[in-house]
file structure_38.cif (mmCIF, C-alpha atoms and all ligand atoms)
data_work
loop_
_atom_site.group_PDB
_atom_site.id
_atom_site.type_symbol
_atom_site.label_atom_id
_atom_site.label_comp_id
_atom_site.auth_asym_id
_atom_site.auth_seq_id
_atom_site.Cartn_x
_atom_site.Cartn_y
_atom_site.Cartn_z
ATOM 1 C CA ARG A 1 0.000 0.000 0.000
ATOM 2 C CA ILE A 2 0.966 3.600 -0.563
ATOM 3 C CA VAL A 3 0.152 5.640 2.534
ATOM 4 C CA TYR A 4 0.237 9.358 3.315
ATOM 5 C CA LEU A 5 2.386 10.868 6.062
ATOM 6 C CA ASN A 6 2.825 14.610 6.591
ATOM 7 C CA GLY A 7 2.861 15.718 2.977
ATOM 8 C CA GLU A 8 4.375 12.602 1.418
ATOM 9 C CA TYR A 9 3.055 9.509 -0.315
ATOM 10 C CA VAL A 10 5.256 6.573 0.661
ATOM 11 C CA PRO A 11 5.146 2.750 0.710
ATOM 12 C CA GLU A 12 3.634 1.727 4.083
ATOM 13 C CA GLN A 13 6.905 0.182 5.331
ATOM 14 C CA ASP A 14 8.673 3.532 4.840
ATOM 15 C CA ALA A 15 6.192 5.613 6.892
ATOM 16 C CA ARG A 16 7.905 6.414 10.204
ATOM 17 C CA VAL A 17 6.402 8.229 13.203
ATOM 18 C CA SER A 18 8.228 9.146 16.431
ATOM 19 C CA ILE A 19 7.701 6.926 19.485
ATOM 20 C CA PHE A 20 7.093 10.220 21.325
ATOM 21 C CA ASP A 21 4.144 11.055 19.101
ATOM 22 C CA ARG A 22 1.225 12.044 21.344
ATOM 23 C CA GLY A 23 -1.125 9.837 19.370
ATOM 24 C CA PHE A 24 1.022 6.872 20.442
ATOM 25 C CA LEU A 25 1.657 7.985 24.051
ATOM 26 C CA PHE A 26 -1.691 9.544 25.014
ATOM 27 C CA SER A 27 -4.208 8.706 22.251
ATOM 28 C CA ASP A 28 -4.016 12.460 21.666
ATOM 29 C CA ALA A 29 -5.350 12.137 18.141
ATOM 30 C CA VAL A 30 -8.581 12.240 16.186
ATOM 31 C CA TYR A 31 -9.612 10.178 13.184
ATOM 32 C CA GLU A 32 -12.223 9.683 10.497
ATOM 33 C CA VAL A 33 -13.201 6.783 8.266
ATOM 34 C CA THR A 34 -14.853 7.524 4.931
ATOM 35 C CA ALA A 35 -16.320 4.728 2.834
ATOM 36 C CA VAL A 36 -15.154 4.362 -0.777
ATOM 37 C CA LEU A 37 -17.489 3.020 -3.449
ATOM 38 C CA ASN A 38 -16.682 2.863 -7.153
ATOM 39 C CA GLY A 39 -13.387 4.561 -6.316
ATOM 40 C CA LYS A 40 -15.225 7.595 -4.876
ATOM 41 C CA LEU A 41 -15.622 9.010 -1.372
ATOM 42 C CA LEU A 42 -19.063 8.655 0.209
ATOM 43 C CA GLU A 43 -20.507 11.304 2.560
ATOM 44 C CA ASN A 44 -17.069 12.867 2.907
ATOM 45 C CA ASP A 45 -18.361 16.385 3.662
ATOM 46 C CA GLY A 46 -19.982 14.951 6.794
ATOM 47 C CA HIS A 47 -16.793 13.183 7.857
ATOM 48 C CA ILE A 48 -14.562 16.199 7.290
ATOM 49 C CA GLY A 49 -17.105 18.414 9.048
ATOM 50 C CA ARG A 50 -17.012 16.105 12.073
ATOM 51 C CA LEU A 51 -13.188 16.066 11.966
ATOM 52 C CA VAL A 52 -13.152 19.868 12.102
ATOM 53 C CA ARG A 53 -15.477 19.707 15.116
ATOM 54 C CA SER A 54 -13.344 17.061 16.875
ATOM 55 C CA CYS A 55 -10.266 19.260 16.305
ATOM 56 C CA ARG A 56 -12.058 22.299 17.709
ATOM 57 C CA GLU A 57 -13.120 20.436 20.846
ATOM 58 C CA LEU A 58 -9.509 19.334 21.475
ATOM 59 C CA GLN A 59 -7.737 22.548 20.375
ATOM 60 C CA LEU A 60 -6.037 20.635 17.578
ATOM 61 C CA THR A 61 -5.080 22.566 14.451
ATOM 62 C CA LEU A 62 -5.692 20.917 11.090
ATOM 63 C CA PRO A 63 -2.508 21.519 9.048
ATOM 64 C CA VAL A 64 -4.439 21.442 5.750
ATOM 65 C CA THR A 65 -7.737 22.866 4.527
ATOM 66 C CA PRO A 66 -10.754 20.553 4.150
ATOM 67 C CA GLY A 67 -10.317 20.866 0.369
ATOM 68 C CA GLU A 68 -6.653 19.851 0.571
ATOM 69 C CA LEU A 69 -7.585 16.932 2.814
ATOM 70 C CA GLU A 70 -10.072 15.642 0.272
ATOM 71 C CA ALA A 71 -7.437 15.992 -2.459
ATOM 72 C CA ILE A 72 -5.097 13.792 -0.388
ATOM 73 C CA GLN A 73 -7.853 11.214 0.121
ATOM 74 C CA ARG A 74 -8.532 11.150 -3.631
ATOM 75 C CA GLU A 75 -4.850 10.879 -4.494
ATOM 76 C CA LEU A 76 -4.476 7.926 -2.126
ATOM 77 C CA ILE A 77 -7.506 6.177 -3.636
ATOM 78 C CA ALA A 78 -5.982 6.644 -7.093
ATOM 79 C CA ARG A 79 -2.481 5.507 -6.111
ATOM 80 C CA ASN A 80 -3.873 2.361 -4.477
ATOM 81 C CA GLN A 81 -6.494 1.795 -7.192
ATOM 82 C CA LEU A 82 -9.086 1.369 -4.469
ATOM 83 C CA ARG A 83 -12.583 0.613 -5.745
ATOM 84 C CA GLU A 84 -14.415 -0.394 -2.562
ATOM 85 C CA GLY A 85 -13.467 -0.018 1.087
ATOM 86 C CA ALA A 86 -12.458 2.957 3.183
ATOM 87 C CA VAL A 87 -9.960 5.755 3.643
ATOM 88 C CA TYR A 88 -8.730 6.150 7.225
ATOM 89 C CA LEU A 89 -7.294 9.486 8.321
ATOM 90 C CA GLN A 90 -5.727 10.421 11.619
ATOM 91 C CA LEU A 91 -4.403 13.657 13.032
ATOM 92 C CA SER A 92 -2.320 13.586 16.192
ATOM 93 C CA ARG A 93 -0.908 16.485 18.180
ATOM 94 C CA GLY A 94 2.576 15.414 17.140
ATOM 95 C CA SER A 95 5.674 15.206 19.272
ATOM 96 C CA THR A 96 8.083 17.313 21.271
ATOM 97 C CA GLY A 97 10.578 14.453 21.509
ATOM 98 C CA ASP A 98 9.668 13.610 25.100
ATOM 99 C CA ARG A 99 6.726 12.492 27.238
ATOM 100 C CA GLU A 100 5.005 15.542 28.707
ATOM 101 C CA PHE A 101 1.304 15.799 29.551
ATOM 102 C CA ASP A 102 1.133 19.523 28.770
ATOM 103 C CA PHE A 103 0.148 20.394 25.224
ATOM 104 C CA PRO A 104 3.273 21.091 23.129
ATOM 105 C CA PRO A 105 4.158 24.696 22.291
ATOM 106 C CA ALA A 106 2.325 26.394 19.439
ATOM 107 C CA GLY A 107 3.995 25.573 16.161
ATOM 108 C CA THR A 108 4.701 21.921 17.034
ATOM 109 C CA ALA A 109 3.919 20.023 13.848
ATOM 110 C CA PRO A 110 0.938 17.644 14.111
ATOM 111 C CA THR A 111 1.109 14.200 12.512
ATOM 112 C CA LEU A 112 -1.315 13.627 9.652
ATOM 113 C CA THR A 113 -1.574 10.065 8.344
ATOM 114 C CA LEU A 114 -3.932 8.458 5.864
ATOM 115 C CA PHE A 115 -4.254 4.973 4.446
ATOM 116 C CA THR A 116 -6.723 2.958 2.412
ATOM 117 C CA GLN A 117 -8.433 -0.323 3.319
ATOM 118 C CA ALA A 118 -9.995 -2.566 0.685
ATOM 119 C CA ARG A 119 -13.092 -4.455 1.833
ATOM 120 C CA PRO A 120 -16.545 -5.334 0.513
ATOM 121 C CA VAL A 121 -19.152 -2.793 1.550
ATOM 122 C CA ILE A 122 -22.100 -3.646 -0.686
ATOM 123 C CA ASP A 123 -21.893 -7.443 -0.996
ATOM 124 C CA ASN A 124 -21.067 -8.193 2.601
ATOM 125 C CA ALA A 125 -22.225 -11.466 4.167
ATOM 126 C CA ARG A 126 -23.098 -9.809 7.471
ATOM 127 C CA ALA A 127 -25.273 -7.257 5.738
ATOM 128 C CA ILE A 128 -27.349 -10.162 4.439
ATOM 129 C CA LYS A 129 -27.256 -12.591 7.379
ATOM 130 C CA GLY A 130 -27.107 -10.072 10.209
ATOM 131 C CA ILE A 131 -25.004 -10.108 13.367
ATOM 132 C CA ARG A 132 -25.315 -11.277 16.958
ATOM 133 C CA VAL A 133 -24.572 -8.810 19.757
ATOM 134 C CA ILE A 134 -24.167 -8.987 23.501
ATOM 135 C CA THR A 135 -24.831 -6.119 25.903
ATOM 136 C CA LEU A 136 -21.926 -4.740 27.928
ATOM 137 C CA GLU A 137 -21.506 -1.873 30.320
ATOM 138 C CA ASP A 138 -20.328 1.253 28.486
ATOM 139 C CA ILE A 139 -17.013 2.001 30.221
ATOM 140 C CA ARG A 140 -15.858 4.727 27.792
ATOM 141 C CA TRP A 141 -15.085 8.334 28.716
ATOM 142 C CA ARG A 142 -17.747 11.039 28.715
ATOM 143 C CA ARG A 143 -16.881 12.780 25.428
ATOM 144 C CA ARG A 144 -17.904 10.053 23.002
ATOM 145 C CA ASP A 145 -18.974 12.791 20.571
ATOM 146 C CA ILE A 146 -15.282 13.442 19.868
ATOM 147 C CA LYS A 147 -13.819 10.851 17.491
ATOM 148 C CA THR A 148 -10.498 10.148 19.225
ATOM 149 C CA VAL A 149 -8.245 7.122 18.776
ATOM 150 C CA GLY A 150 -8.728 6.200 22.462
ATOM 151 C CA LEU A 151 -10.434 2.964 21.418
ATOM 152 C CA LEU A 152 -9.380 0.437 24.055
ATOM 153 C CA ALA A 153 -12.921 0.077 25.441
ATOM 154 C CA PRO A 154 -14.402 -0.839 22.024
ATOM 155 C CA CYS A 155 -11.471 -3.233 21.389
ATOM 156 C CA LEU A 156 -12.282 -4.963 24.701
ATOM 157 C CA ALA A 157 -15.988 -4.999 23.851
ATOM 158 C CA LYS A 158 -15.310 -6.775 20.547
ATOM 159 C CA GLU A 159 -13.013 -9.295 22.289
ATOM 160 C CA TYR A 160 -15.665 -10.077 24.922
ATOM 161 C CA ALA A 161 -18.307 -10.384 22.203
ATOM 162 C CA HIS A 162 -16.200 -12.768 20.113
ATOM 163 C CA ALA A 163 -15.312 -14.854 23.191
ATOM 164 C CA ARG A 164 -19.040 -15.312 23.774
ATOM 165 C CA GLY A 165 -19.767 -16.289 20.194
ATOM 166 C CA ALA A 166 -21.184 -12.911 19.180
ATOM 167 C CA ASP A 167 -20.026 -10.419 16.558
ATOM 168 C CA ASP A 168 -20.299 -7.162 18.453
ATOM 169 C CA ALA A 169 -21.685 -5.403 21.495
ATOM 170 C CA PHE A 170 -24.427 -2.947 22.369
ATOM 171 C CA LEU A 171 -22.973 -0.691 25.075
ATOM 172 C CA VAL A 172 -25.223 0.121 28.016
ATOM 173 C CA GLU A 173 -25.318 2.972 30.515
ATOM 174 C CA ASP A 174 -27.965 3.206 33.264
ATOM 175 C CA GLY A 175 -29.932 0.426 31.605
ATOM 176 C CA MET A 176 -30.121 2.273 28.296
ATOM 177 C CA VAL A 177 -28.225 1.404 25.105
ATOM 178 C CA THR A 178 -25.791 4.138 24.079
ATOM 179 C CA GLU A 179 -24.456 2.722 20.802
ATOM 180 C CA GLY A 180 -22.416 -0.170 19.400
ATOM 181 C CA SER A 181 -18.671 -0.525 19.870
ATOM 182 C CA ALA A 182 -18.012 1.228 16.541
ATOM 183 C CA CYS A 183 -21.490 2.003 15.254
ATOM 184 C CA ASN A 184 -24.819 3.569 16.177
ATOM 185 C CA ALA A 185 -27.570 1.299 17.520
ATOM 186 C CA TRP A 186 -31.170 1.201 16.332
ATOM 187 C CA ILE A 187 -34.347 -0.738 16.998
ATOM 188 C CA VAL A 188 -37.683 -0.958 15.192
ATOM 189 C CA THR A 189 -40.737 -0.985 17.463
ATOM 190 C CA GLU A 190 -43.883 -3.118 17.142
ATOM 191 C CA SER A 191 -45.543 -0.249 15.268
ATOM 192 C CA GLY A 192 -42.623 -0.017 12.793
ATOM 193 C CA THR A 193 -41.011 3.140 14.218
ATOM 194 C CA LEU A 194 -37.215 3.502 14.041
ATOM 195 C CA VAL A 195 -35.643 4.408 17.380
ATOM 196 C CA THR A 196 -32.096 5.640 17.923
ATOM 197 C CA ARG A 197 -30.510 7.586 20.742
ATOM 198 C CA PRO A 198 -30.536 11.405 20.405
ATOM 199 C CA LEU A 199 -27.307 13.345 19.861
ATOM 200 C CA SER A 200 -25.374 14.240 23.013
ATOM 201 C CA ASN A 201 -21.898 13.688 24.405
ATOM 202 C CA ASP A 202 -22.958 10.077 25.158
ATOM 203 C CA ILE A 203 -22.566 8.902 21.553
ATOM 204 C CA LEU A 204 -20.634 9.578 18.385
ATOM 205 C CA HIS A 205 -22.707 11.697 16.014
ATOM 206 C CA GLY A 206 -22.754 9.169 13.194
ATOM 207 C CA ILE A 207 -22.726 10.494 9.660
ATOM 208 C CA THR A 208 -24.601 7.392 8.483
ATOM 209 C CA ARG A 209 -27.100 7.839 11.339
ATOM 210 C CA ARG A 210 -27.803 11.397 10.177
ATOM 211 C CA SER A 211 -28.322 10.323 6.552
ATOM 212 C CA LEU A 212 -30.573 7.451 7.575
ATOM 213 C CA LEU A 213 -32.798 9.831 9.522
ATOM 214 C CA GLU A 214 -33.015 12.119 6.476
ATOM 215 C CA LEU A 215 -33.822 9.162 4.214
ATOM 216 C CA ALA A 216 -36.427 7.927 6.702
ATOM 217 C CA LYS A 217 -38.055 11.352 6.555
ATOM 218 C CA THR A 218 -38.203 11.441 2.749
ATOM 219 C CA HIS A 219 -39.496 7.860 2.594
ATOM 220 C CA ASN A 220 -42.131 8.451 5.301
ATOM 221 C CA ILE A 221 -40.656 5.912 7.695
ATOM 222 C CA PRO A 222 -41.556 7.059 11.221
ATOM 223 C CA PHE A 223 -38.662 7.580 13.637
ATOM 224 C CA GLU A 224 -37.969 8.749 17.171
ATOM 225 C CA GLU A 225 -34.676 10.012 18.549
ATOM 226 C CA ARG A 226 -34.755 8.730 22.119
ATOM 227 C CA ALA A 227 -32.822 6.380 24.351
ATOM 228 C CA PHE A 228 -34.073 2.768 24.477
ATOM 229 C CA SER A 229 -33.508 0.188 27.201
ATOM 230 C CA VAL A 230 -31.948 -3.260 26.908
ATOM 231 C CA GLU A 231 -35.385 -4.685 27.709
ATOM 232 C CA GLU A 232 -36.930 -2.740 24.836
ATOM 233 C CA ALA A 233 -34.196 -3.975 22.496
ATOM 234 C CA TYR A 234 -34.884 -7.612 23.539
ATOM 235 C CA ASN A 235 -38.551 -7.107 22.678
ATOM 236 C CA ALA A 236 -38.036 -5.020 19.533
ATOM 237 C CA ARG A 237 -39.387 -6.268 16.256
ATOM 238 C CA GLU A 238 -36.060 -5.529 14.542
ATOM 239 C CA ALA A 239 -32.661 -4.100 15.414
ATOM 240 C CA PHE A 240 -29.679 -2.919 13.395
ATOM 241 C CA ILE A 241 -26.429 -0.974 13.509
ATOM 242 C CA SER A 242 -25.138 1.796 11.248
ATOM 243 C CA SER A 243 -21.691 3.112 10.360
ATOM 244 C CA ALA A 244 -19.712 4.381 7.383
ATOM 245 C CA THR A 245 -18.211 1.007 6.506
ATOM 246 C CA THR A 246 -21.179 -1.248 7.296
ATOM 247 C CA PHE A 247 -23.974 1.115 6.132
ATOM 248 C CA ILE A 248 -26.590 -1.027 7.927
ATOM 249 C CA TRP A 249 -26.152 -4.504 9.366
ATOM 250 C CA PRO A 250 -29.198 -6.242 10.844
ATOM 251 C CA VAL A 251 -28.917 -7.379 14.471
ATOM 252 C CA VAL A 252 -30.666 -10.744 14.689
ATOM 253 C CA ASN A 253 -29.762 -11.772 18.231
ATOM 254 C CA ILE A 254 -29.125 -9.881 21.489
ATOM 255 C CA ASP A 255 -27.656 -11.731 24.493
ATOM 256 C CA GLY A 256 -28.709 -15.065 23.012
ATOM 257 C CA ARG A 257 -32.339 -13.991 22.415
ATOM 258 C CA ALA A 258 -33.616 -13.835 18.853
ATOM 259 C CA VAL A 259 -34.729 -10.372 17.732
ATOM 260 C CA GLY A 260 -38.174 -10.811 16.157
ATOM 261 C CA ASP A 261 -38.055 -14.114 14.286
ATOM 262 C CA GLY A 262 -34.245 -14.114 14.328
ATOM 263 C CA GLU A 263 -33.956 -13.044 10.684
ATOM 264 C CA PRO A 264 -33.142 -9.591 9.243
ATOM 265 C CA GLY A 265 -36.415 -7.658 9.333
ATOM 266 C CA PRO A 266 -38.255 -5.937 6.477
ATOM 267 C CA VAL A 267 -37.800 -2.366 7.741
ATOM 268 C CA THR A 268 -34.057 -2.934 8.209
ATOM 269 C CA ARG A 269 -33.713 -4.481 4.756
ATOM 270 C CA ALA A 270 -35.743 -1.698 3.133
ATOM 271 C CA LEU A 271 -33.705 1.029 4.835
ATOM 272 C CA ARG A 272 -30.440 -0.625 3.799
ATOM 273 C CA ALA A 273 -31.677 -0.842 0.213
ATOM 274 C CA ILE A 274 -32.599 2.862 0.281
ATOM 275 C CA TYR A 275 -29.170 3.783 1.660
ATOM 276 C CA VAL A 276 -27.313 1.561 -0.841
ATOM 277 C CA GLU A 277 -29.271 3.129 -3.690
ATOM 278 C CA MET A 278 -28.339 6.625 -2.479
ATOM 279 C CA ALA A 279 -24.682 5.568 -2.061
ATOM 280 C CA LEU A 280 -24.459 4.038 -5.549
ATOM 281 C CA ARG A 281 -26.059 7.109 -7.063
ATOM 282 C CA ALA A 282 -23.701 9.446 -5.167
ATOM 283 C CA THR A 283 -20.617 7.531 -6.324
ATOM 284 C CA ALA A 284 -21.710 6.635 -9.877
HETATM 285 N N1 LIG B 1 -20.414 5.200 17.038
HETATM 286 C C1 LIG B 1 -19.126 4.869 17.192
HETATM 287 C C2 LIG B 1 -18.601 4.646 18.569
HETATM 288 C C3 LIG B 1 -18.276 4.737 16.079
HETATM 289 O O1 LIG B 1 -16.992 4.402 16.242
HETATM 290 C C4 LIG B 1 -18.834 4.926 14.780
HETATM 291 C C5 LIG B 1 -18.023 4.815 13.569
HETATM 292 O O2 LIG B 1 -16.901 4.444 13.534
HETATM 293 C C6 LIG B 1 -20.179 5.258 14.667
HETATM 294 C C7 LIG B 1 -20.936 5.399 15.818
HETATM 295 C C8 LIG B 1 -20.821 5.457 13.325
HETATM 296 O O3 LIG B 1 -20.449 6.695 12.750
HETATM 297 P P1 LIG B 1 -20.387 6.891 11.183
HETATM 298 O O4 LIG B 1 -21.751 6.547 10.675
HETATM 299 O O5 LIG B 1 -20.063 8.323 10.998
HETATM 300 O O6 LIG B 1 -19.329 5.958 10.670
#
call {"tool": "encode", "arguments": {"input": "structure_38.cif", "output": "structure tokens"}}
result
Amino acid sequence: RIVYLNGEYVPEQDARVSIFDRGFLFSDAVYEVTAVLNGKLLENDGHIGRLVRSCRELQLTLPVTPGELEAIQRELIARNQLREGAVYLQLSRGSTGDREFDFPPAGTAPTLTLFTQARPVIDNARAIKGIRVITLEDIRWRRRDIKTVGLLAPCLAKEYAHARGADDAFLVEDGMVTEGSACNAWIVTESGTLVTRPLSNDILHGITRRSLLELAKTHNIPFEERAFSVEEAYNAREAFISSATTFIWPVVNIDGRAVGDGEPGPVTRALRAIYVEMALRATA
């Protein structure tokens, strides 16, 4: 792979970052993942907009303009001939050549890295068959709206899920589902209403989540932005997750209990089809 590091396109084995980099020492870094379809970026304005917000919240300065960033993403897609998958980008506060908690002096160069990942987005087995999740206590910090690389809690959640024969986890705080380990969580009620948690510092403000709500509106699918309990999720007619690289994956089992009849539900399948259609049109 050709990757990007601070202004240069280099083979991945030649990309070197200091061991004192604050991303490495303190997870003092933010990131974004944009899906690529047909060699084109999907919903990238949303992702770059959220990156700008994450930077603002952490007093991180983006060393390039949003337009320049998109040009780098496009160049990397071209150099790697990526058709389907994702572009990962990360900005860390850089390094002063030592380990100090205090933010480095103004003018310290941040570290900007980008790389591509090839993977099937449209024809993905889990999108068709659905996934099994377990519920776990949400042990993350209280600024989940900022997309930082401090991802140990979601790594643990996935490990616990896999050890228990599941694919992923729904994270739970005070009895209510916050989101998935790397995705937003949704249920469909008996009456066919979509339910997903409202925006706050408790969850990442998913770009896919936002688009799905807009698509639901235009397709007259009723929705409510409110927290839902684990109990309500057990008894939901359908459940699913959303994120940039999954779009929508049905959740067919929670804590060993089948959701609905244990098969991907019609509302979930219809919403995925609507999103896929939009995505294919946007990247045609
Ligand atoms: N929630 C968390 C914790 C995430 O890590 C992600 C994506 O990585 C999402 C939600 C979904 O966000 P998006 O749809 O912008 O990918």
call {"tool": "resolve_selection", "arguments": {"input": "structure_38.cif", "expression": "the PyMOL selection byres (((not hetatm)) within 6 of (chain B and resi 1))", "output": "PyMOL selection string"}}
result
chain A and resi 181-184+204+206-209+242-244
call {"tool": "residues_around", "arguments": {"input": "structure_38.cif", "residues": "Gly94 (chain A)", "least_positions_apart": "4", "cutoff": "10 Å", "atoms": "all atoms listed in the file", "output": "list in words"}}
result
Val17, Ser18, Phe20, Asp21, Arg22, Gly23, Phe24, Asp28, Ala29, Phe103, Pro104, Thr108, Ala109, Pro110, Thr111 and Leu112 of chain A
call {"tool": "resolve_selection", "arguments": {"input": "structure_38.cif", "expression": "the PyMOL selection byres (((chain A and resi 50-58) around 8) and not hetatm)", "output": "number ranges by chain"}}
result
A: 30-32, 46-49, 59-62, 145-148
call {"tool": "residues_around", "arguments": {"input": "structure_38.cif", "residues": "region 163-167 of chain A", "least_positions_apart": "4", "cutoff": "10 Å", "atoms": "all atoms listed in the file", "output": "VMD selection string"}}
result
chain A and resid 126 130 to 134 157 to 159 251 253 to 256
call {"tool": "resolve_selection", "arguments": {"input": "structure_38.cif", "expression": "the PyMOL selection byres (((chain A and resi 172) around 7) and not hetatm)", "output": "PyMOL selection string"}}
result
chain A and resi 135-138+170-171+173-178
call {"tool": "closest_residue", "arguments": {"input": "structure_38.cif", "among": "A:Ser191, A:Gly180, A:Phe247, A:Ser92", "to": "Ile221 (chain A)", "atoms": "all atoms listed in the file"}}
result
A:Ser191
call {"tool": "closest_residue", "arguments": {"input": "structure_38.cif", "among": "A:Val252, A:Pro266, A:Val87, A:Leu280", "to": "Asp168 (chain A)", "atoms": "all atoms listed in the file"}}
result
A:Val252
call {"tool": "axis_aligned_box", "arguments": {"input": "structure_38.cif", "around": "region 205-220 of chain A", "padding_each_side": "3 Å", "output": "JSON"}}
result
{"center_x": -32.4, "center_y": 9.8, "center_z": 9.3, "size_x": 25.4, "size_y": 10.7, "size_z": 19.4}
call {"tool": "residues_around", "arguments": {"input": "structure_38.cif", "residues": "Ile187 (chain A)", "least_positions_apart": "3", "cutoff": "9 Å", "atoms": "only C-alpha atoms", "output": "PyMOL selection string"}}
result
chain A and resi 193-196+228+232-233+236-241+251
call {"tool": "write_last_selection", "arguments": {"input": "structure_38.cif", "atoms": "C-alpha atoms", "output": "PDB file, keeping the file's coordinate frame"}}
result
ATOM      1  CA  THR A 193     -41.011   3.140  14.218  1.00  0.00           C
ATOM      2  CA  LEU A 194     -37.215   3.502  14.041  1.00  0.00           C
ATOM      3  CA  VAL A 195     -35.643   4.408  17.380  1.00  0.00           C
ATOM      4  CA  THR A 196     -32.096   5.640  17.923  1.00  0.00           C
ATOM      5  CA  PHE A 228     -34.073   2.768  24.477  1.00  0.00           C
ATOM      6  CA  GLU A 232     -36.930  -2.740  24.836  1.00  0.00           C
ATOM      7  CA  ALA A 233     -34.196  -3.975  22.496  1.00  0.00           C
ATOM      8  CA  ALA A 236     -38.036  -5.020  19.533  1.00  0.00           C
ATOM      9  CA  ARG A 237     -39.387  -6.268  16.256  1.00  0.00           C
ATOM     10  CA  GLU A 238     -36.060  -5.529  14.542  1.00  0.00           C
ATOM     11  CA  ALA A 239     -32.661  -4.100  15.414  1.00  0.00           C
ATOM     12  CA  PHE A 240     -29.679  -2.919  13.395  1.00  0.00           C
ATOM     13  CA  ILE A 241     -26.429  -0.974  13.509  1.00  0.00           C
ATOM     14  CA  VAL A 251     -28.917  -7.379  14.471  1.00  0.00           C
TER      15      VAL A 251
END
call {"tool": "residues_around", "arguments": {"input": "structure_38.cif", "residues": "Leu5 (chain A)", "least_positions_apart": "3", "cutoff": "7 Å", "atoms": "only C-alpha atoms", "output": "MDAnalysis selection string"}}
result
chainID A and resid 8:9 15 112:114
call {"tool": "residues_near_point", "arguments": {"input": "structure_38.cif", "point": "(-9.3, 7.9, 1.4)", "cutoff": "10 Å", "atoms": "all atoms listed in the file", "output": "VMD selection string"}}
result
chain A and resid 3 to 4 32 to 36 39 to 42 44 69 to 78 80 82 85 to 89 114 to 117
